Amino acid sequence: MGVDVLLGLQWGDEGKGKVVDVLSPNYSVIARFQGGPNAGHSLEFNGIKHVLHTIPSGIFRDNCCNIIGNGVVIDPIVLKKEIVKLQDMGVKVESKLFISKKAHLILPTHRFLDAASEASKGTEKIGSTLKGIGPTYMDKTGRNGLRVGDIFHHDFRDRYNFLVKKHDDLLGFYDYKYDLTEVEKEWFDGIEFIKQFQCIDGEHLINQYIREGKSILAEGAQGSLLDIDFGSYPFVTSSNTITAGACTGLGIPPNKIGDVIGIFKAYATRVGSGPFPTELNDETGEKLRKIGHEFGATTGRPRRCGWIDLPALRYAIMINGVTKLVMMKADVLSGFDTIKACTHYKYRGEIIDYMPFDIIHDPVIPVYHEIAGWDKDLTKLTNANELPKELQNYINFLEMELNIPIIIVSVGPDREQTLMR
């Protein structure tokens with residue numbers, strides 16, 4: 001049995017957490033394969049909203065094993081708070097959570113470096129979440145990082161101090177003032193807390209599960225257009241957010257990948273800086289933001305909003321090998337007389353249907369196709385057959401343009417507001 005992969009096809013915030021939660025009863029194992037506490041996976045059920053940052057979104061389901069893979073970067077302070085909150089709710093985290101020993105640790109000084117680097121960029125800011133993600137991945141690739149497995153070694157404190165000294169030198173270059181006293185104590189409290197949990201050789205465990213025929217879902221964070229190699233560089237995250245990242249982030253071979261489930265919003269959003277061809281800086285964009293509650297689950301920052309971008313979606317589908325699509329937030333578009341979909345770009349005097357190398361210094365102009373809207377409250381629907389004809393037409397149009405079936409339509413944030421097609 002292959003490992004199915006679930007990931008976002010836009011600039012993040014597509015609603016991955018909800019869909020993992022909805023699909024998790026079909027899986028024995030949910031495994032996060034990249035990113036860190038810059039993720040904000042929102043789940044709603046029983047009238048309560050839950051936001052997960054590091055822990056896989058299957059944690060609320062009984063009999064579901066949740067693995068934090070080696071490709072994830074972990075802030076012990078954030079992880080401890082996340083676990084304690086779940087424990088206070090009665091979730092038996094200890095028996096359901098496994099942490100890869102090869103996952104790298106975010107130090108407090110990584111967060112200071114993130115803030116110092118971002119501040120130094122001035123108007124050229126990337127739009128970092130300031131969680132220390134980038135500097136941690138930099139130490140990983142620079143072969144300086146600390147990993148979860150290192151916390152059990154007798155010289156861990158010495159290795160920590162060595163890395164902090166390196167960071168202190170860099171922070172001196174930025175002339176960045178900071179105080180480690182309180183946050184360092186909290187960080188080591190988090191390290192001791194992590195030791196209580198099942199820290200494992202993740203690649204061995206997940207391949208054992210594959211041999212045993214267990215159903216496994218790899219959960220991505222951020223979005224495909226933020227991938228370090230294939231996203232809108234340099235306005236990207238620091239990890240591989242695409243399907244290939246599931247292989248390196250969990251230790252599974254490419255021939256074990258099964259279905260790739262791509263998630264997208266019925267429109268488009270982006271947080272932070274970077275190109276966004278279909279962005280709407282007008283009343284329509286503000287209406288999408290207000291109705292869709294488009295504010296970051298991790299940072300609280302307002303999201304930039306615009307119409308759906310099909311060249312960008314085709315690109316994400318191509319590089320991920322998507323086999324199934326999930327459309328989120330269809331309910332937000334209710335009440336619009338006309339829906340627009342960008343089908344092509346005007347680029348260097350030509351009409352193209354793909355995303356070119358550089359749309360930052362050489363911007364594209366979206367070419368739109370208009371579709372009749374609908375004015376019906378979708379949030380109480382229980383069957384896909386009840387969707388208004390105009391929305392059915394929109395879905396059929398997208399399937400024809402993207403050549404991939406849309407198997408789920410989300411009509412609200414709650415796990416019950418999910419229509420299977």
# chains A, B, ... in the order shown; residues from 1 in each chain; ligands from 1
$ residues_around --residues "Ser410 of chain A" --least-positions-apart "2" --cutoff "10 Å" --atoms "only C-alpha atoms" --output "ChimeraX atom specification"
/A:15,18-19,265-266,326-331,378-379,384,408,412-420
$ residues_around --residues "segment 40-52 of chain A" --least-positions-apart "3" --cutoff "10 Å" --atoms "only C-alpha atoms" --output "ChimeraX atom specification"
/A:12-22,36-37,55-57,59-60,79,82-83,85-86,221-222,296-299,412-417
$ residues_around --residues "segment 98-100 of chain A" --least-positions-apart "6" --cutoff "9 Å" --atoms "only C-alpha atoms" --output "VMD selection string"
chain A and resid 65 to 72 148 to 149 194 197 to 203 250
$ residues_around --residues "Ile106 of chain A" --least-positions-apart "4" --cutoff "12 Å" --atoms "only C-alpha atoms" --output "PyMOL selection string"
chain A and resi 35-38+72-79+110-114+130-140+145-148+160+163-164+184+187-188+190-191
$ write_last_selection --atoms "C-alpha atoms" --output "mmCIF file, in the first residue's frame"
data_model
loop_
_atom_site.group_PDB
_atom_site.id
_atom_site.type_symbol
_atom_site.label_atom_id
_atom_site.label_comp_id
_atom_site.auth_asym_id
_atom_site.auth_seq_id
_atom_site.Cartn_x
_atom_site.Cartn_y
_atom_site.Cartn_z
ATOM 1 C CA GLY A 35 7.874 22.990 7.917
ATOM 2 C CA GLY A 36 7.516 23.895 11.558
ATOM 3 C CA PRO A 37 5.505 26.156 13.865
ATOM 4 C CA ASN A 38 5.088 28.605 10.969
ATOM 5 C CA VAL A 72 10.083 19.155 10.303
ATOM 6 C CA VAL A 73 11.844 21.751 12.471
ATOM 7 C CA ILE A 74 10.675 21.817 16.090
ATOM 8 C CA ASP A 75 10.544 24.633 18.627
ATOM 9 C CA PRO A 76 10.409 22.849 22.030
ATOM 10 C CA ILE A 77 8.619 25.816 23.604
ATOM 11 C CA VAL A 78 5.846 25.811 21.001
ATOM 12 C CA LEU A 79 5.558 22.017 20.970
ATOM 13 C CA HIS A 110 17.267 31.105 15.574
ATOM 14 C CA ARG A 111 14.226 33.278 16.213
ATOM 15 C CA PHE A 112 16.413 36.285 17.020
ATOM 16 C CA LEU A 113 18.351 35.722 13.790
ATOM 17 C CA ASP A 114 15.085 35.524 11.864
ATOM 18 C CA LEU A 130 9.674 35.171 12.578
ATOM 19 C CA LYS A 131 9.495 31.660 14.059
ATOM 20 C CA GLY A 132 13.158 30.904 13.351
ATOM 21 C CA ILE A 133 12.338 28.507 10.523
ATOM 22 C CA GLY A 134 14.788 29.846 7.898
ATOM 23 C CA PRO A 135 17.836 30.088 10.191
ATOM 24 C CA THR A 136 17.167 26.555 11.476
ATOM 25 C CA TYR A 137 17.095 25.111 7.957
ATOM 26 C CA MET A 138 20.244 27.136 7.196
ATOM 27 C CA ASP A 139 22.038 25.453 10.096
ATOM 28 C CA LYS A 140 20.680 22.108 8.903
ATOM 29 C CA GLY A 145 22.166 22.018 13.507
ATOM 30 C CA LEU A 146 20.937 20.213 16.604
ATOM 31 C CA ARG A 147 18.457 17.358 16.247
ATOM 32 C CA VAL A 148 15.939 15.748 18.586
ATOM 33 C CA TYR A 160 23.992 23.966 22.271
ATOM 34 C CA LEU A 163 25.837 26.928 18.266
ATOM 35 C CA VAL A 164 24.554 29.835 20.379
ATOM 36 C CA GLU A 184 16.533 29.891 27.335
ATOM 37 C CA TRP A 187 13.506 26.253 25.959
ATOM 38 C CA PHE A 188 15.340 23.727 28.130
ATOM 39 C CA GLY A 190 10.662 22.182 26.616
ATOM 40 C CA ILE A 191 13.619 19.883 25.875
#
$ select_by_dssp --residues "segment 243-385 of chain A" --states "alpha helix (DSSP H)" --output "list in words"
Thr243, Ala244, Gly245, Ala246, Cys247, Thr248, Gly249, Leu250, Glu283, Thr284, Gly285, Glu286, Lys287, Leu288, Arg289, Lys290, Ile291, Leu310, Pro311, Ala312, Leu313, Arg314, Tyr315, Ala316, Ile317, Met318, Ile319 and Asn320 of chain A
$ closest_residue --among "A:Val93, A:Leu333, A:Leu391, A:Ala115" --to "Lys290 of chain A" --atoms "only C-alpha atoms"
A:Leu333
$ select_by_dssp --residues "segment 107-215 of chain A" --states "strand (DSSP E or B)" --output "ChimeraX atom specification"
/A:147,198-200
$ atom_distance --atom1 "atom CA of Thr323 of chain A" --atom2 "atom CA of Ile359 of chain A"
27.0 Å
$ decode --residues "segment 273-284 of chain A" --atoms "N, CA and C atoms" --output "short mmCIF file (atom, residue, chain, number, x, y, z; two decimals), in the first residue's frame"
data_model
loop_
_atom_site.label_atom_id
_atom_site.label_comp_id
_atom_site.auth_asym_id
_atom_site.auth_seq_id
_atom_site.Cartn_x
_atom_site.Cartn_y
_atom_site.Cartn_z
N SER A 273 4.95 39.09 1.68
CA SER A 273 5.38 39.69 0.41
C SER A 273 5.42 38.65 -0.71
N GLY A 274 5.63 39.15 -1.92
CA GLY A 274 5.79 38.26 -3.07
C GLY A 274 4.74 38.48 -4.14
N PRO A 275 4.97 37.94 -5.33
CA PRO A 275 4.05 38.14 -6.46
C PRO A 275 2.71 37.46 -6.24
N PHE A 276 1.67 38.08 -6.76
CA PHE A 276 0.30 37.56 -6.62
C PHE A 276 -0.50 38.13 -7.80
N PRO A 277 -0.43 37.48 -8.96
CA PRO A 277 -1.00 38.05 -10.19
C PRO A 277 -2.46 38.43 -10.10
N THR A 278 -3.28 37.67 -9.38
CA THR A 278 -4.73 37.92 -9.37
C THR A 278 -5.19 38.70 -8.15
N GLU A 279 -4.25 39.31 -7.42
CA GLU A 279 -4.62 40.04 -6.21
C GLU A 279 -5.60 41.16 -6.52
N LEU A 280 -6.57 41.33 -5.61
CA LEU A 280 -7.59 42.37 -5.75
C LEU A 280 -7.43 43.40 -4.65
N ASN A 281 -6.90 44.55 -5.00
CA ASN A 281 -6.76 45.64 -4.03
C ASN A 281 -7.95 46.58 -4.14
N ASP A 282 -9.14 46.01 -3.98
CA ASP A 282 -10.36 46.80 -4.13
C ASP A 282 -11.43 46.26 -3.19
N GLU A 283 -12.66 46.70 -3.39
CA GLU A 283 -13.76 46.26 -2.52
C GLU A 283 -14.00 44.76 -2.62
N THR A 284 -13.79 44.18 -3.80
CA THR A 284 -14.00 42.74 -3.95
C THR A 284 -12.98 41.96 -3.12
#
